[in-house]
Amino acid sequence: MSQLICRRILLKLSGEALMSPQGGSSIDPEIVQRLAKEIKELCDAGLQVGLVIGGGNILRGAETASAGLNRVTGDQMGMLATVINALAMQDALEYLGQPVRVMTALKINQVCEDYIKRRAVRHLEKKRVTIFAAGTGNPFFTTDTAASLRAIEIEAELMIKATKVRGVFSDDPEKNPDARFYPRLTYDEALDQRLNVMDTTALVLCRDNDLPMRVMNIFEPGAVMRLMQGEDIGSLIVKK
Ligand code: UDP
C-alpha cells in the first residue's frame, strides 16, 4: 500500500468504454468484466476507488434534443442510462468478490442507495468501490462535471479521465498525425486552447478546487496500476 502515490482516486469512464469496439450492444459484458478486474486489482493494492460511468453508450440528452425530444427529458433519460451502466459494473465487480456500492443522485431506492457524501466516504474507507450514478442529478450537465464534483466532495487526490488515446493532444490524434501530445498542462491552457479534454464546467470546477487530473488510456492493461506506482503515464492537468 505504501508504494502507491494516492490513497483515493475518482475514475471517470465514458459510457462508450463499455461498448465493444466492433459496435453491437451498448454494454459488452466481457469489456465490463475486464475493466472490473483492473479496478479490483487497484483495490487489492489498497487504493480507494470512486467511479463515475457516463451514459453515452445508451443515450445523450443533447443528441435526443436535436432529434426533437425535450432536452430535460432527454437528460433525465441520459442520467438513467448511467444507472444502467453502474449496475452492470456493480455486478461485474461483485462477481469478482469486490465489495461495491452504487449511489445515485436521483432517488431509485429499490435499485441503489441515494448519494450521501458522508456515507460515500464511509464506503470508500471500508474499501468498497463506490459508483456514483445519475450524474449530478440535474439536466444540462455531463458526467464529466459529475465526476469532478464527486471527486472534490470525496476529497480524491486525483481524478483519472479514461480516454481511448494516450492523453491530451492539440488535435484528434486518430485523424491528425501531427497532433501534439501534452505530457503536462494547466487547466487554463486546456481552457484557453479549447483542448478537447472535458467540458468547461468540469475543467473550471477542477481548476478552482485544485484537483489534479490524469487523462490516459485505461485500455492499456495495468496502466492505472503503473500510474499509481509512480510511472508517468498520460497527461497531467494541474492548476498551475
Ligand atoms: N446527464 C445529465 N446530467 C448530469 C450528467 C449526465 O443530464 O449531471 C445526462 C446528459 O444527457 C448526458 C447523459 O446523461 O448526455 C450521459 O452522460 P454523458 O454524456 O456525460 O456520458 P459519457 O459521454 O461520459 O458516456
# chains A, B, ... in the order shown; residues from 1 in each chain; ligands from 1
call {"tool": "select_by_dssp", "arguments": {"residues": "range 10-147 of chain A", "states": "alpha helix (DSSP H)", "output": "MDAnalysis selection string"}}
result
chainID A and resid 29:44 61:66 71:95 117:125 143:147
call {"tool": "residues_around", "arguments": {"residues": "Leu80 in chain A", "least_positions_apart": "6", "cutoff": "9 Å", "atoms": "only C-alpha atoms", "output": "list in words"}}
result
Gly55, Leu106, Ala133, Ala134 and Gly135 of chain A
call {"tool": "closest_atom_pairs", "arguments": {"of": "chain A", "to": "ligand 1", "cutoff": "7 Å", "atoms": "only C-alpha atoms and all ligand atoms", "output": "JSON lines"}}
result
{"residue": "A:Leu13", "atom": "CA", "partner": "ligand 1", "partner_atom_place_in_ligand_line": "24 (O)", "distance": 6.4}
{"residue": "A:Ser14", "atom": "CA", "partner": "ligand 1", "partner_atom_place_in_ligand_line": "24 (O)", "distance": 3.6}
{"residue": "A:Gly15", "atom": "CA", "partner": "ligand 1", "partner_atom_place_in_ligand_line": "25 (O)", "distance": 3.5}
{"residue": "A:Glu16", "atom": "CA", "partner": "ligand 1", "partner_atom_place_in_ligand_line": "25 (O)", "distance": 5.5}
{"residue": "A:Ile53", "atom": "CA", "partner": "ligand 1", "partner_atom_place_in_ligand_line": "24 (O)", "distance": 6.3}
{"residue": "A:Gly54", "atom": "CA", "partner": "ligand 1", "partner_atom_place_in_ligand_line": "24 (O)", "distance": 3.4}
{"residue": "A:Gly55", "atom": "CA", "partner": "ligand 1", "partner_atom_place_in_ligand_line": "16 (C)", "distance": 3.8}
{"residue": "A:Gly56", "atom": "CA", "partner": "ligand 1", "partner_atom_place_in_ligand_line": "25 (O)", "distance": 3.3}
{"residue": "A:Asn57", "atom": "CA", "partner": "ligand 1", "partner_atom_place_in_ligand_line": "25 (O)", "distance": 5.9}
{"residue": "A:Leu59", "atom": "CA", "partner": "ligand 1", "partner_atom_place_in_ligand_line": "16 (C)", "distance": 6.1}
{"residue": "A:Arg60", "atom": "CA", "partner": "ligand 1", "partner_atom_place_in_ligand_line": "15 (O)", "distance": 3.4}
{"residue": "A:Gly61", "atom": "CA", "partner": "ligand 1", "partner_atom_place_in_ligand_line": "11 (O)", "distance": 3.3}
{"residue": "A:Ala62", "atom": "CA", "partner": "ligand 1", "partner_atom_place_in_ligand_line": "11 (O)", "distance": 5.9}
{"residue": "A:Gly74", "atom": "CA", "partner": "ligand 1", "partner_atom_place_in_ligand_line": "11 (O)", "distance": 5.8}
{"residue": "A:Asp75", "atom": "CA", "partner": "ligand 1", "partner_atom_place_in_ligand_line": "11 (O)", "distance": 3.4}
{"residue": "A:Gln76", "atom": "CA", "partner": "ligand 1", "partner_atom_place_in_ligand_line": "7 (O)", "distance": 5.6}
{"residue": "A:Met77", "atom": "CA", "partner": "ligand 1", "partner_atom_place_in_ligand_line": "11 (O)", "distance": 6.8}
{"residue": "A:Gly78", "atom": "CA", "partner": "ligand 1", "partner_atom_place_in_ligand_line": "14 (O)", "distance": 3.4}
{"residue": "A:Met79", "atom": "CA", "partner": "ligand 1", "partner_atom_place_in_ligand_line": "14 (O)", "distance": 4.1}
{"residue": "A:Ala81", "atom": "CA", "partner": "ligand 1", "partner_atom_place_in_ligand_line": "16 (C)", "distance": 6.8}
{"residue": "A:Thr82", "atom": "CA", "partner": "ligand 1", "partner_atom_place_in_ligand_line": "16 (C)", "distance": 6.4}
{"residue": "A:Ala134", "atom": "CA", "partner": "ligand 1", "partner_atom_place_in_ligand_line": "5 (C)", "distance": 6.2}
{"residue": "A:Gly135", "atom": "CA", "partner": "ligand 1", "partner_atom_place_in_ligand_line": "5 (C)", "distance": 3.6}
{"residue": "A:Thr136", "atom": "CA", "partner": "ligand 1", "partner_atom_place_in_ligand_line": "8 (O)", "distance": 3.6}
{"residue": "A:Gly137", "atom": "CA", "partner": "ligand 1", "partner_atom_place_in_ligand_line": "8 (O)", "distance": 5.2}
{"residue": "A:Asn138", "atom": "CA", "partner": "ligand 1", "partner_atom_place_in_ligand_line": "3 (N)", "distance": 4.8}
{"residue": "A:Pro139", "atom": "CA", "partner": "ligand 1", "partner_atom_place_in_ligand_line": "7 (O)", "distance": 3.6}
{"residue": "A:Phe140", "atom": "CA", "partner": "ligand 1", "partner_atom_place_in_ligand_line": "7 (O)", "distance": 5.0}
{"residue": "A:Phe141", "atom": "CA", "partner": "ligand 1", "partner_atom_place_in_ligand_line": "3 (N)", "distance": 4.0}
{"residue": "A:Thr142", "atom": "CA", "partner": "ligand 1", "partner_atom_place_in_ligand_line": "5 (C)", "distance": 3.8}
{"residue": "A:Thr143", "atom": "CA", "partner": "ligand 1", "partner_atom_place_in_ligand_line": "20 (O)", "distance": 3.6}
{"residue": "A:Asp144", "atom": "CA", "partner": "ligand 1", "partner_atom_place_in_ligand_line": "20 (O)", "distance": 5.7}
{"residue": "A:Thr145", "atom": "CA", "partner": "ligand 1", "partner_atom_place_in_ligand_line": "8 (O)", "distance": 6.7}
{"residue": "A:Ala146", "atom": "CA", "partner": "ligand 1", "partner_atom_place_in_ligand_line": "8 (O)", "distance": 5.5}
call {"tool": "write_last_selection", "arguments": {"atoms": "C-alpha atoms", "output": "PDB file, in the first residue's frame"}}
result
ATOM      1  CA  LEU A  13     -15.157   6.184 -17.665  1.00  0.00           C
ATOM      2  CA  SER A  14     -17.310   7.228 -20.576  1.00  0.00           C
ATOM      3  CA  GLY A  15     -20.289   5.027 -21.316  1.00  0.00           C
ATOM      4  CA  GLU A  16     -18.699   4.173 -24.636  1.00  0.00           C
ATOM      5  CA  ILE A  53     -19.510   5.983 -15.650  1.00  0.00           C
ATOM      6  CA  GLY A  54     -21.164   8.082 -18.342  1.00  0.00           C
ATOM      7  CA  GLY A  55     -24.219   7.075 -20.305  1.00  0.00           C
ATOM      8  CA  GLY A  56     -23.208   7.937 -23.856  1.00  0.00           C
ATOM      9  CA  ASN A  57     -23.287   4.289 -24.951  1.00  0.00           C
ATOM     10  CA  LEU A  59     -28.269   7.968 -24.682  1.00  0.00           C
ATOM     11  CA  ARG A  60     -27.198  11.615 -24.503  1.00  0.00           C
ATOM     12  CA  GLY A  61     -29.814  14.302 -23.864  1.00  0.00           C
ATOM     13  CA  ALA A  62     -28.261  16.812 -26.259  1.00  0.00           C
ATOM     14  CA  GLY A  74     -33.557  13.541 -22.719  1.00  0.00           C
ATOM     15  CA  ASP A  75     -31.110  14.445 -19.961  1.00  0.00           C
ATOM     16  CA  GLN A  76     -33.173  12.552 -17.403  1.00  0.00           C
ATOM     17  CA  MET A  77     -33.047   9.543 -19.730  1.00  0.00           C
ATOM     18  CA  GLY A  78     -29.282  10.045 -20.036  1.00  0.00           C
ATOM     19  CA  MET A  79     -28.905  10.081 -16.260  1.00  0.00           C
ATOM     20  CA  ALA A  81     -28.592   5.373 -18.641  1.00  0.00           C
ATOM     21  CA  THR A  82     -25.679   5.969 -16.270  1.00  0.00           C
ATOM     22  CA  ALA A 134     -27.157   9.574 -12.345  1.00  0.00           C
ATOM     23  CA  GLY A 135     -24.606  12.340 -12.853  1.00  0.00           C
ATOM     24  CA  THR A 136     -25.247  15.458 -10.805  1.00  0.00           C
ATOM     25  CA  GLY A 137     -28.981  14.720 -10.761  1.00  0.00           C
ATOM     26  CA  ASN A 138     -29.604  17.827 -12.886  1.00  0.00           C
ATOM     27  CA  PRO A 139     -30.190  18.246 -16.595  1.00  0.00           C
ATOM     28  CA  PHE A 140     -27.767  20.290 -18.734  1.00  0.00           C
ATOM     29  CA  PHE A 141     -24.728  18.790 -17.036  1.00  0.00           C
ATOM     30  CA  THR A 142     -22.419  15.965 -18.067  1.00  0.00           C
ATOM     31  CA  THR A 143     -20.920  13.070 -16.205  1.00  0.00           C
ATOM     32  CA  ASP A 144     -17.515  14.768 -16.557  1.00  0.00           C
ATOM     33  CA  THR A 145     -18.878  17.541 -14.376  1.00  0.00           C
ATOM     34  CA  ALA A 146     -20.434  14.958 -12.034  1.00  0.00           C
TER      35      ALA A 146
END
call {"tool": "residues_around", "arguments": {"residues": "range 45-51 of chain A", "least_positions_apart": "6", "cutoff": "10 Å", "atoms": "only C-alpha atoms", "output": "JSON list (two decimals) with C-alpha atoms, in the first residue's frame"}}
result
[["chain", "number", "residue", "atom", "x", "y", "z"],
["A", 1, "MET", "CA", 0.00, 0.00, 0.00],
["A", 2, "SER", "CA", 2.80, 2.38, 0.91],
["A", 3, "GLN", "CA", 4.20, 2.41, -2.61],
["A", 4, "LEU", "CA", 1.04, 3.90, -4.17],
["A", 5, "ILE", "CA", 1.10, 7.62, -4.99],
["A", 6, "CYS", "CA", -2.56, 8.11, -3.96],
["A", 7, "ARG", "CA", -4.89, 6.84, -1.30],
["A", 8, "ARG", "CA", -8.16, 7.74, -3.02],
["A", 9, "ILE", "CA", -8.97, 8.37, -6.68],
["A", 10, "LEU", "CA", -12.01, 9.11, -8.78],
["A", 11, "LEU", "CA", -12.03, 7.24, -12.07],
["A", 12, "LYS", "CA", -14.22, 8.58, -14.87],
["A", 13, "LEU", "CA", -15.16, 6.18, -17.67],
["A", 39, "ILE", "CA", -10.40, -1.87, -10.74],
["A", 86, "ALA", "CA", -23.36, 1.46, -12.93],
["A", 89, "MET", "CA", -20.21, -2.60, -13.33],
["A", 100, "VAL", "CA", -19.12, -2.28, -4.24],
["A", 101, "ARG", "CA", -21.97, 0.20, -3.79],
["A", 102, "VAL", "CA", -23.91, 2.23, -6.32],
["A", 120, "ALA", "CA", -19.88, 7.58, 0.30],
["A", 121, "VAL", "CA", -16.70, 8.38, 2.21],
["A", 123, "HIS", "CA", -17.93, 3.11, 1.85],
["A", 124, "LEU", "CA", -14.58, 4.16, 0.42],
["A", 125, "GLU", "CA", -12.88, 3.84, 3.79],
["A", 126, "LYS", "CA", -14.28, 0.34, 4.02],
["A", 127, "LYS", "CA", -12.64, -0.42, 0.65],
["A", 128, "ARG", "CA", -15.89, -0.62, -1.27],
["A", 129, "VAL", "CA", -15.73, 0.64, -4.83],
["A", 130, "THR", "CA", -18.30, 3.42, -4.84],
["A", 131, "ILE", "CA", -20.03, 4.08, -8.14],
["A", 132, "PHE", "CA", -21.66, 7.49, -8.44],
["A", 133, "ALA", "CA", -24.58, 7.20, -10.82],
["A", 147, "ALA", "CA", -17.07, 13.20, -11.79],
["A", 150, "ARG", "CA", -17.82, 13.92, -6.66],
["A", 151, "ALA", "CA", -14.00, 13.82, -6.77],
["A", 154, "ILE", "CA", -14.94, 12.81, -1.50],
["A", 156, "ALA", "CA", -9.98, 12.32, -4.02],
["A", 159, "MET", "CA", -9.19, 12.26, -10.94],
["A", 160, "ILE", "CA", -8.45, 9.93, -13.82],
["A", 225, "MET", "CA", -1.74, 0.46, -11.54],
["A", 228, "MET", "CA", -0.35, 4.55, -9.03],
["A", 229, "GLN", "CA", 3.09, 3.04, -8.56]]
call {"tool": "atom_distance", "arguments": {"atom1": "CA of Val224 in chain A", "atom2": "CA of Asp114 in chain A"}}
result
28.3 Å
call {"tool": "residues_around", "arguments": {"residues": "Glu113 in chain A", "least_positions_apart": "3", "cutoff": "8 Å", "atoms": "only C-alpha atoms", "output": "list in words"}}
result
Arg101, Val102, Met103, Thr104, Lys107, Ile108 and Asn109 of chain A
call {"tool": "closest_residue", "arguments": {"among": "A:Asp172, A:Arg207, A:Leu96, A:Ile58", "to": "Ser25 in chain A", "atoms": "only C-alpha atoms"}}
result
A:Ile58
call {"tool": "residues_around", "arguments": {"residues": "range 28-32 of chain A", "least_positions_apart": "6", "cutoff": "9 Å", "atoms": "only C-alpha atoms", "output": "number ranges by chain"}}
result
A: 17-20, 88-89, 92-93
call {"tool": "select_by_dssp", "arguments": {"residues": "range 27-211 of chain A", "states": "strand (DSSP E or B)", "output": "PDB file with N, CA, C and O atoms, in the first residue's frame"}}
result
ATOM      1  N   GLN A  48      -8.432   3.385  -2.654  1.00  0.00           N
ATOM      2  CA  GLN A  48      -9.883   3.612  -2.545  1.00  0.00           C
ATOM      3  C   GLN A  48     -10.355   4.179  -3.879  1.00  0.00           C
ATOM      4  O   GLN A  48      -9.826   5.193  -4.335  1.00  0.00           O
ATOM      5  N   VAL A  49     -11.340   3.520  -4.465  1.00  0.00           N
ATOM      6  CA  VAL A  49     -11.744   3.893  -5.827  1.00  0.00           C
ATOM      7  C   VAL A  49     -13.204   4.354  -5.878  1.00  0.00           C
ATOM      8  O   VAL A  49     -14.121   3.586  -5.596  1.00  0.00           O
ATOM      9  N   GLY A  50     -13.382   5.610  -6.278  1.00  0.00           N
ATOM     10  CA  GLY A  50     -14.705   6.123  -6.623  1.00  0.00           C
ATOM     11  C   GLY A  50     -14.800   6.069  -8.141  1.00  0.00           C
ATOM     12  O   GLY A  50     -13.801   6.261  -8.837  1.00  0.00           O
ATOM     13  N   LEU A  51     -15.991   5.783  -8.639  1.00  0.00           N
ATOM     14  CA  LEU A  51     -16.139   5.564 -10.078  1.00  0.00           C
ATOM     15  C   LEU A  51     -17.358   6.312 -10.603  1.00  0.00           C
ATOM     16  O   LEU A  51     -18.418   6.285  -9.977  1.00  0.00           O
ATOM     17  N   VAL A  52     -17.164   6.987 -11.721  1.00  0.00           N
ATOM     18  CA  VAL A  52     -18.296   7.588 -12.436  1.00  0.00           C
ATOM     19  C   VAL A  52     -18.270   7.020 -13.841  1.00  0.00           C
ATOM     20  O   VAL A  52     -17.221   7.026 -14.499  1.00  0.00           O
ATOM     21  N   ILE A  53     -19.407   6.499 -14.278  1.00  0.00           N
ATOM     22  CA  ILE A  53     -19.510   5.983 -15.650  1.00  0.00           C
ATOM     23  C   ILE A  53     -20.558   6.813 -16.376  1.00  0.00           C
ATOM     24  O   ILE A  53     -21.648   7.048 -15.835  1.00  0.00           O
ATOM     25  N   VAL A 100     -18.803  -3.443  -3.395  1.00  0.00           N
ATOM     26  CA  VAL A 100     -19.123  -2.279  -4.238  1.00  0.00           C
ATOM     27  C   VAL A 100     -20.493  -1.735  -3.864  1.00  0.00           C
ATOM     28  O   VAL A 100     -21.364  -2.482  -3.419  1.00  0.00           O
ATOM     29  N   ARG A 101     -20.661  -0.441  -4.003  1.00  0.00           N
ATOM     30  CA  ARG A 101     -21.967   0.195  -3.792  1.00  0.00           C
ATOM     31  C   ARG A 101     -22.235   1.149  -4.940  1.00  0.00           C
ATOM     32  O   ARG A 101     -21.315   1.835  -5.410  1.00  0.00           O
ATOM     33  N   VAL A 102     -23.498   1.197  -5.360  1.00  0.00           N
ATOM     34  CA  VAL A 102     -23.909   2.227  -6.317  1.00  0.00           C
ATOM     35  C   VAL A 102     -24.690   3.270  -5.546  1.00  0.00           C
ATOM     36  O   VAL A 102     -25.613   2.940  -4.796  1.00  0.00           O
ATOM     37  N   MET A 103     -24.305   4.528  -5.709  1.00  0.00           N
ATOM     38  CA  MET A 103     -25.035   5.637  -5.070  1.00  0.00           C
ATOM     39  C   MET A 103     -25.515   6.551  -6.187  1.00  0.00           C
ATOM     40  O   MET A 103     -24.750   6.889  -7.088  1.00  0.00           O
ATOM     41  N   THR A 104     -26.775   6.937  -6.127  1.00  0.00           N
ATOM     42  CA  THR A 104     -27.293   7.719  -7.232  1.00  0.00           C
ATOM     43  C   THR A 104     -27.799   9.097  -6.804  1.00  0.00           C
ATOM     44  O   THR A 104     -28.299   9.267  -5.690  1.00  0.00           O
ATOM     45  N   GLU A 113     -28.517   2.962  -3.589  1.00  0.00           N
ATOM     46  CA  GLU A 113     -28.573   3.934  -2.484  1.00  0.00           C
ATOM     47  C   GLU A 113     -28.606   5.360  -3.013  1.00  0.00           C
ATOM     48  O   GLU A 113     -28.069   5.639  -4.083  1.00  0.00           O
ATOM     49  N   ASP A 114     -29.182   6.256  -2.213  1.00  0.00           N
ATOM     50  CA  ASP A 114     -29.080   7.687  -2.537  1.00  0.00           C
ATOM     51  C   ASP A 114     -27.642   8.128  -2.313  1.00  0.00           C
ATOM     52  O   ASP A 114     -26.963   7.612  -1.425  1.00  0.00           O
ATOM     53  N   VAL A 129     -15.693  -0.244  -3.650  1.00  0.00           N
ATOM     54  CA  VAL A 129     -15.730   0.635  -4.830  1.00  0.00           C
ATOM     55  C   VAL A 129     -17.072   1.353  -4.767  1.00  0.00           C
ATOM     56  O   VAL A 129     -18.111   0.732  -4.537  1.00  0.00           O
ATOM     57  N   THR A 130     -17.045   2.653  -4.934  1.00  0.00           N
ATOM     58  CA  THR A 130     -18.296   3.416  -4.837  1.00  0.00           C
ATOM     59  C   THR A 130     -18.584   4.043  -6.190  1.00  0.00           C
ATOM     60  O   THR A 130     -17.794   4.851  -6.691  1.00  0.00           O
ATOM     61  N   ILE A 131     -19.685   3.614  -6.794  1.00  0.00           N
ATOM     62  CA  ILE A 131     -20.027   4.082  -8.139  1.00  0.00           C
ATOM     63  C   ILE A 131     -21.076   5.175  -8.000  1.00  0.00           C
ATOM     64  O   ILE A 131     -22.141   4.963  -7.412  1.00  0.00           O
ATOM     65  N   PHE A 132     -20.743   6.348  -8.525  1.00  0.00           N
ATOM     66  CA  PHE A 132     -21.657   7.489  -8.440  1.00  0.00           C
ATOM     67  C   PHE A 132     -22.452   7.562  -9.737  1.00  0.00           C
ATOM     68  O   PHE A 132     -21.904   7.859 -10.800  1.00  0.00           O
ATOM     69  N   ALA A 133     -23.750   7.284  -9.627  1.00  0.00           N
ATOM     70  CA  ALA A 133     -24.581   7.199 -10.824  1.00  0.00           C
ATOM     71  C   ALA A 133     -25.541   8.382 -10.903  1.00  0.00           C
ATOM     72  O   ALA A 133     -25.684   9.149  -9.949  1.00  0.00           O
ATOM     73  N   LEU A 158      -6.765  12.538  -6.819  1.00  0.00           N
ATOM     74  CA  LEU A 158      -6.563  12.572  -8.263  1.00  0.00           C
ATOM     75  C   LEU A 158      -7.828  12.107  -8.966  1.00  0.00           C
ATOM     76  O   LEU A 158      -8.484  11.172  -8.510  1.00  0.00           O
ATOM     77  N   MET A 159      -8.122  12.770 -10.085  1.00  0.00           N
ATOM     78  CA  MET A 159      -9.191  12.261 -10.936  1.00  0.00           C
ATOM     79  C   MET A 159      -8.524  11.681 -12.179  1.00  0.00           C
ATOM     80  O   MET A 159      -7.594  12.275 -12.721  1.00  0.00           O
ATOM     81  N   ILE A 160      -8.988  10.532 -12.595  1.00  0.00           N
ATOM     82  CA  ILE A 160      -8.453   9.926 -13.820  1.00  0.00           C
ATOM     83  C   ILE A 160      -9.561   9.907 -14.857  1.00  0.00           C
ATOM     84  O   ILE A 160     -10.627   9.345 -14.616  1.00  0.00           O
ATOM     85  N   LYS A 161      -9.297  10.576 -15.959  1.00  0.00           N
ATOM     86  CA  LYS A 161     -10.268  10.571 -17.048  1.00  0.00           C
ATOM     87  C   LYS A 161      -9.777   9.577 -18.092  1.00  0.00           C
ATOM     88  O   LYS A 161      -8.707   9.745 -18.682  1.00  0.00           O
ATOM     89  N   ALA A 162     -10.569   8.530 -18.271  1.00  0.00           N
ATOM     90  CA  ALA A 162     -10.169   7.481 -19.210  1.00  0.00           C
ATOM     91  C   ALA A 162     -10.508   7.888 -20.632  1.00  0.00           C
ATOM     92  O   ALA A 162     -11.612   8.353 -20.909  1.00  0.00           O
ATOM     93  N   THR A 163      -9.539   7.716 -21.520  1.00  0.00           N
ATOM     94  CA  THR A 163      -9.783   8.011 -22.936  1.00  0.00           C
ATOM     95  C   THR A 163      -9.270   6.853 -23.786  1.00  0.00           C
ATOM     96  O   THR A 163      -8.577   5.971 -23.283  1.00  0.00           O
ATOM     97  N   VAL A 168      -3.805  14.004 -23.581  1.00  0.00           N
ATOM     98  CA  VAL A 168      -4.313  15.224 -24.225  1.00  0.00           C
ATOM     99  C   VAL A 168      -3.432  15.571 -25.432  1.00  0.00           C
ATOM    100  O   VAL A 168      -2.208  15.586 -25.331  1.00  0.00           O
ATOM    101  N   PHE A 169      -4.081  15.848 -26.539  1.00  0.00           N
ATOM    102  CA  PHE A 169      -3.394  16.230 -27.777  1.00  0.00           C
ATOM    103  C   PHE A 169      -3.944  17.569 -28.274  1.00  0.00           C
ATOM    104  O   PHE A 169      -5.074  17.952 -27.943  1.00  0.00           O
ATOM    105  N   PHE A 181       1.284  15.994 -28.469  1.00  0.00           N
ATOM    106  CA  PHE A 181       0.921  15.389 -27.181  1.00  0.00           C
ATOM    107  C   PHE A 181       1.367  16.297 -26.037  1.00  0.00           C
ATOM    108  O   PHE A 181       2.469  16.832 -26.063  1.00  0.00           O
ATOM    109  N   TYR A 182       0.517  16.504 -25.046  1.00  0.00           N
ATOM    110  CA  TYR A 182       0.874  17.310 -23.877  1.00  0.00           C
ATOM    111  C   TYR A 182       1.086  16.394 -22.671  1.00  0.00           C
ATOM    112  O   TYR A 182       0.119  15.856 -22.136  1.00  0.00           O
ATOM    113  N   ARG A 184       2.058  17.428 -19.773  1.00  0.00           N
ATOM    114  CA  ARG A 184       1.630  18.191 -18.607  1.00  0.00           C
ATOM    115  C   ARG A 184       1.083  19.535 -19.077  1.00  0.00           C
ATOM    116  O   ARG A 184       1.668  20.158 -19.966  1.00  0.00           O
ATOM    117  N   LEU A 185       0.000  19.971 -18.504  1.00  0.00           N
ATOM    118  CA  LEU A 185      -0.555  21.280 -18.865  1.00  0.00           C
ATOM    119  C   LEU A 185      -1.404  21.795 -17.708  1.00  0.00           C
ATOM    120  O   LEU A 185      -1.694  21.046 -16.764  1.00  0.00           O
ATOM    121  N   THR A 186      -1.766  23.066 -17.803  1.00  0.00           N
ATOM    122  CA  THR A 186      -2.610  23.630 -16.750  1.00  0.00           C
ATOM    123  C   THR A 186      -4.063  23.654 -17.242  1.00  0.00           C
ATOM    124  O   THR A 186      -4.326  23.594 -18.440  1.00  0.00           O
TER     125      THR A 186
END
call {"tool": "atom_distance", "arguments": {"atom1": "CA of Gly97 in chain A", "atom2": "CA of Glu220 in chain A"}}
result
23.0 Å
call {"tool": "closest_residue", "arguments": {"among": "A:Asn196, A:Val111, A:Asn217, A:Pro99", "to": "Val83 in chain A", "atoms": "only C-alpha atoms"}}
result
A:Val111
call {"tool": "residues_around", "arguments": {"residues": "Gly222 in chain A", "least_positions_apart": "5", "cutoff": "9 Å", "atoms": "only C-alpha atoms", "output": "list in words"}}
result
Glu38, Glu41 and Leu227 of chain A
call {"tool": "closest_residue", "arguments": {"among": "A:Gln193, A:Thr200, A:Ser148, A:Thr73", "to": "Met213 in chain A", "atoms": "only C-alpha atoms"}}
result
A:Ser148
call {"tool": "residues_around", "arguments": {"residues": "Ile233 in chain A", "least_positions_apart": "4", "cutoff": "8 Å", "atoms": "only C-alpha atoms", "output": "list in words"}}
result
Met216, Ala223, Arg226 and Leu227 of chain A
call {"tool": "decode", "arguments": {"residues": "range 208-223 of chain A", "atoms": "N, CA and C atoms", "output": "mmCIF file, in the first residue's frame"}}
result
data_model
loop_
_atom_site.group_PDB
_atom_site.id
_atom_site.type_symbol
_atom_site.label_atom_id
_atom_site.label_comp_id
_atom_site.auth_asym_id
_atom_site.auth_seq_id
_atom_site.Cartn_x
_atom_site.Cartn_y
_atom_site.Cartn_z
ATOM 1 N N ASP A 208 -10.607 25.373 -10.006
ATOM 2 C CA ASP A 208 -10.890 26.214 -8.840
ATOM 3 C C ASP A 208 -10.732 25.462 -7.522
ATOM 4 N N ASN A 209 -10.805 24.138 -7.592
ATOM 5 C CA ASN A 209 -10.659 23.355 -6.364
ATOM 6 C C ASN A 209 -9.331 22.607 -6.306
ATOM 7 N N ASP A 210 -8.447 22.981 -7.248
ATOM 8 C CA ASP A 210 -7.079 22.463 -7.241
ATOM 9 C C ASP A 210 -7.026 20.926 -7.237
ATOM 10 N N LEU A 211 -7.865 20.333 -8.070
ATOM 11 C CA LEU A 211 -7.887 18.870 -8.187
ATOM 12 C C LEU A 211 -7.069 18.450 -9.406
ATOM 13 N N PRO A 212 -5.968 17.756 -9.229
ATOM 14 C CA PRO A 212 -5.205 17.327 -10.406
ATOM 15 C C PRO A 212 -5.927 16.215 -11.171
ATOM 16 N N MET A 213 -5.700 16.181 -12.470
ATOM 17 C CA MET A 213 -6.359 15.158 -13.290
ATOM 18 C C MET A 213 -5.355 14.503 -14.236
ATOM 19 N N ARG A 214 -5.470 13.227 -14.384
ATOM 20 C CA ARG A 214 -4.683 12.465 -15.351
ATOM 21 C C ARG A 214 -5.627 12.049 -16.468
ATOM 22 N N VAL A 215 -5.249 12.341 -17.683
ATOM 23 C CA VAL A 215 -6.012 11.871 -18.840
ATOM 24 C C VAL A 215 -5.182 10.763 -19.448
ATOM 25 N N MET A 216 -5.754 9.576 -19.544
ATOM 26 C CA MET A 216 -4.945 8.447 -20.003
ATOM 27 C C MET A 216 -5.788 7.346 -20.621
ATOM 28 N N ASN A 217 -5.114 6.501 -21.362
ATOM 29 C CA ASN A 217 -5.766 5.352 -21.992
ATOM 30 C C ASN A 217 -5.828 4.220 -20.979
ATOM 31 N N ILE A 218 -7.034 3.951 -20.497
ATOM 32 C CA ILE A 218 -7.071 2.888 -19.480
ATOM 33 C C ILE A 218 -7.307 1.508 -20.105
ATOM 34 N N PHE A 219 -7.329 1.476 -21.428
ATOM 35 C CA PHE A 219 -7.495 0.168 -22.075
ATOM 36 C C PHE A 219 -6.158 -0.550 -22.215
ATOM 37 N N GLU A 220 -5.109 0.177 -21.848
ATOM 38 C CA GLU A 220 -3.788 -0.443 -21.815
ATOM 39 C C GLU A 220 -3.723 -1.222 -20.493
ATOM 40 N N PRO A 221 -3.682 -2.545 -20.554
ATOM 41 C CA PRO A 221 -3.761 -3.316 -19.318
ATOM 42 C C PRO A 221 -2.702 -2.905 -18.290
ATOM 43 N N GLY A 222 -3.141 -2.737 -17.055
ATOM 44 C CA GLY A 222 -2.233 -2.414 -15.956
ATOM 45 C C GLY A 222 -1.765 -0.971 -15.905
ATOM 46 N N ALA A 223 -2.246 -0.120 -16.819
ATOM 47 C CA ALA A 223 -1.730 1.256 -16.884
ATOM 48 C C ALA A 223 -2.059 2.060 -15.616
#
